Amino acid sequence: MLKIVVGLGNPGARYKDTRHNIGFLVVDELARRWRSETWKRRFEAEVSEHRAGGPVLLVKPQTFMNLSGEAVREAAKFYKVDPQDIIAIHDDLDLPAGRLRIRERGGAGGHKGIQSMIVQLGTDAFVRVKFGIGRPPAEWDTADYVLGRFSPEEQPIISQTIGLAADAVEAILAEGTSAAMNRFNRQGE
């Protein structure tokens, strides 16, 4: 049974390596681990097919964050993948920087990419790997913060957590969501 792993982000050099593009960075890490750098343009996304214990389609929507669900819906429809076989990786302001939280379903929590996926898939029943980026300082605009790059001080923990998030996705694929939640939701507490 094919699984779809979606990294949420925005296309283009302007957004590369920003907090909001953490999903792209984790998906790129998975592609690196699985020794495949071959990406094709389909479904208004960059996609890469893999075998990681079973067939997996890595997806990086190229529609900009607010419309991410359109690309995910098209890929799921084409491959006949049920929403519960989709894993979305995204940034989360409500988690401290470098903290992970896996959820089987739930609301968007203000995240426009997740909201788009819920609307386009018609359900919230897909797995999320939430990657903490922390809250902006009081004087910062939230949009400027999420579209900003990590500071040099943040880089070590973010690099480490990208690897941990990739580990979490691999655990979900190999062991199931509940086992991965038990293992990774306690990290850093």
# chains A, B, ... in the order shown; residues from 1 in each chain; ligands from 1

$ select_by_dssp --residues "chain A" --states "strand (DSSP E or B)" --output "ChimeraX atom specification"
/A:3-7,18,40-42,45-51,55-61,86-92,100-103,127-132,149

$ write_last_selection --atoms "C-alpha atoms" --output "PDB file, in the first residue's frame"
ATOM      1  CA  LYS A   3       2.119   5.954   1.536  1.00  0.00           C
ATOM      2  CA  ILE A   4       2.420   9.645   0.725  1.00  0.00           C
ATOM      3  CA  VAL A   5       4.848  11.756   2.761  1.00  0.00           C
ATOM      4  CA  VAL A   6       4.215  15.472   2.242  1.00  0.00           C
ATOM      5  CA  GLY A   7       6.656  18.152   3.293  1.00  0.00           C
ATOM      6  CA  THR A  18      12.996  29.290   6.094  1.00  0.00           C
ATOM      7  CA  LYS A  40       9.643  14.917 -11.110  1.00  0.00           C
ATOM      8  CA  ARG A  41       7.080  17.654 -11.545  1.00  0.00           C
ATOM      9  CA  ARG A  42       3.558  16.203 -11.155  1.00  0.00           C
ATOM     10  CA  ALA A  45       4.371  19.351  -6.853  1.00  0.00           C
ATOM     11  CA  GLU A  46       7.845  17.898  -6.909  1.00  0.00           C
ATOM     12  CA  VAL A  47       7.511  14.154  -6.303  1.00  0.00           C
ATOM     13  CA  SER A  48       9.969  11.341  -5.774  1.00  0.00           C
ATOM     14  CA  GLU A  49       9.108   7.635  -5.600  1.00  0.00           C
ATOM     15  CA  HIS A  50      10.855   5.339  -3.131  1.00  0.00           C
ATOM     16  CA  ARG A  51      10.789   1.938  -1.526  1.00  0.00           C
ATOM     17  CA  PRO A  55       6.208   2.141  -1.724  1.00  0.00           C
ATOM     18  CA  VAL A  56       6.443   5.786  -0.621  1.00  0.00           C
ATOM     19  CA  LEU A  57       5.811   8.952  -2.601  1.00  0.00           C
ATOM     20  CA  LEU A  58       7.621  12.027  -1.297  1.00  0.00           C
ATOM     21  CA  VAL A  59       5.749  15.219  -2.179  1.00  0.00           C
ATOM     22  CA  LYS A  60       6.769  18.889  -2.005  1.00  0.00           C
ATOM     23  CA  PRO A  61       3.770  20.982  -3.165  1.00  0.00           C
ATOM     24  CA  ILE A  86      -0.722  10.405   4.208  1.00  0.00           C
ATOM     25  CA  ILE A  87       1.933  11.869   6.510  1.00  0.00           C
ATOM     26  CA  ALA A  88       2.296  15.674   6.529  1.00  0.00           C
ATOM     27  CA  ILE A  89       5.418  17.327   7.955  1.00  0.00           C
ATOM     28  CA  HIS A  90       5.043  20.975   8.934  1.00  0.00           C
ATOM     29  CA  ASP A  91       6.319  23.763  11.157  1.00  0.00           C
ATOM     30  CA  ASP A  92       4.506  24.488  14.430  1.00  0.00           C
ATOM     31  CA  LEU A 100       8.507  17.102  17.563  1.00  0.00           C
ATOM     32  CA  ARG A 101       4.906  16.052  18.034  1.00  0.00           C
ATOM     33  CA  ILE A 102       3.172  13.327  16.012  1.00  0.00           C
ATOM     34  CA  ARG A 103      -0.620  13.372  15.721  1.00  0.00           C
ATOM     35  CA  VAL A 127      -0.869  11.879  10.215  1.00  0.00           C
ATOM     36  CA  ARG A 128       1.091  15.014  11.080  1.00  0.00           C
ATOM     37  CA  VAL A 129       4.692  15.341  12.155  1.00  0.00           C
ATOM     38  CA  LYS A 130       4.756  18.762  13.779  1.00  0.00           C
ATOM     39  CA  PHE A 131       8.190  20.368  13.924  1.00  0.00           C
ATOM     40  CA  GLY A 132       8.530  23.030  16.602  1.00  0.00           C
ATOM     41  CA  ARG A 149      15.629  31.806   8.353  1.00  0.00           C
TER      42      ARG A 149
END

$ residues_around --residues "A:Val146" --least-positions-apart "4" --cutoff "12 Å" --atoms "only C-alpha atoms" --output "list in words"
Gly9, Asn10, Tyr15, Lys16, Asp17, Thr18, Arg19, His20, Asn21, Ile22, Met65, His90, Asp91, Asp92, Leu93, Ala97, His111, Gly132, Ile133, Gly134, Arg135, Pro136, Pro137, Trp140, Asp141, Thr142 and Phe150 of chain A

$ residues_around --residues "A:Gly113" --least-positions-apart "6" --cutoff "7 Å" --atoms "only C-alpha atoms" --output "PyMOL selection string"
chain A and resi 8+65-69

$ write_last_selection --atoms "N, CA and C atoms" --output "PDB file, in the first residue's frame"
ATOM      1  N   LEU A   8       5.536  20.232   3.843  1.00  0.00           N
ATOM      2  CA  LEU A   8       4.917  21.511   3.509  1.00  0.00           C
ATOM      3  C   LEU A   8       5.952  22.621   3.477  1.00  0.00           C
ATOM      4  N   MET A  65       2.113  27.583   0.271  1.00  0.00           N
ATOM      5  CA  MET A  65       1.580  26.941   1.469  1.00  0.00           C
ATOM      6  C   MET A  65       0.051  26.910   1.513  1.00  0.00           C
ATOM      7  N   ASN A  66      -0.586  28.043   1.249  1.00  0.00           N
ATOM      8  CA  ASN A  66      -2.040  28.144   1.427  1.00  0.00           C
ATOM      9  C   ASN A  66      -2.837  27.244   0.498  1.00  0.00           C
ATOM     10  N   LEU A  67      -2.214  26.721  -0.547  1.00  0.00           N
ATOM     11  CA  LEU A  67      -2.898  25.858  -1.510  1.00  0.00           C
ATOM     12  C   LEU A  67      -2.292  24.452  -1.546  1.00  0.00           C
ATOM     13  N   SER A  68      -1.514  24.092  -0.551  1.00  0.00           N
ATOM     14  CA  SER A  68      -0.816  22.801  -0.522  1.00  0.00           C
ATOM     15  C   SER A  68      -1.753  21.616  -0.709  1.00  0.00           C
ATOM     16  N   GLY A  69      -2.944  21.715  -0.169  1.00  0.00           N
ATOM     17  CA  GLY A  69      -3.888  20.606  -0.235  1.00  0.00           C
ATOM     18  C   GLY A  69      -4.267  20.206  -1.642  1.00  0.00           C
TER      19      GLY A  69
END

$ residues_around --residues "A:Gly122" --least-positions-apart "6" --cutoff "12 Å" --atoms "only C-alpha atoms" --output "MDAnalysis selection string"
chainID A and resid 69:70 72:73 82:84 114:116

$ closest_residue --among "A:Asn185, A:Gly163, A:Arg32, A:Phe24" --to "A:Arg99" --atoms "only C-alpha atoms"
A:Asn185

$ residues_around --residues "A:Leu173" --least-positions-apart "3" --cutoff "8 Å" --atoms "only C-alpha atoms" --output "MDAnalysis selection string"
chainID A and resid 3 52:53 169:170 176:177

$ closest_residue --among "A:Trp39, A:Ser159, A:Gly107, A:Leu95" --to "A:Val119" --atoms "only C-alpha atoms"
A:Gly107

$ closest_residue --among "A:Phe78, A:Thr161, A:Leu147, A:Met1" --to "A:Glu29" --atoms "only C-alpha atoms"
A:Thr161

$ select_by_dssp --residues "stretch 22-102 of chain A" --states "alpha helix (DSSP H)" --output "ChimeraX atom specification"
/A:22-33,68-79

$ atom_distance --atom1 "atom CA of A:Glu44" --atom2 "atom CA of A:Gly23"
16.4 Å

$ closest_residue --among "A:Leu2, A:Val27, A:Ala13, A:Ile118" --to "A:Ala165" --atoms "only C-alpha atoms"
A:Val27

$ atom_distance --atom1 "atom CA of A:Tyr145" --atom2 "atom CA of A:Phe64"
16.8 Å

$ closest_residue --among "A:Leu164, A:Ile157, A:Leu25, A:Ala31" --to "A:Gly98" --atoms "only C-alpha atoms"
A:Ile157
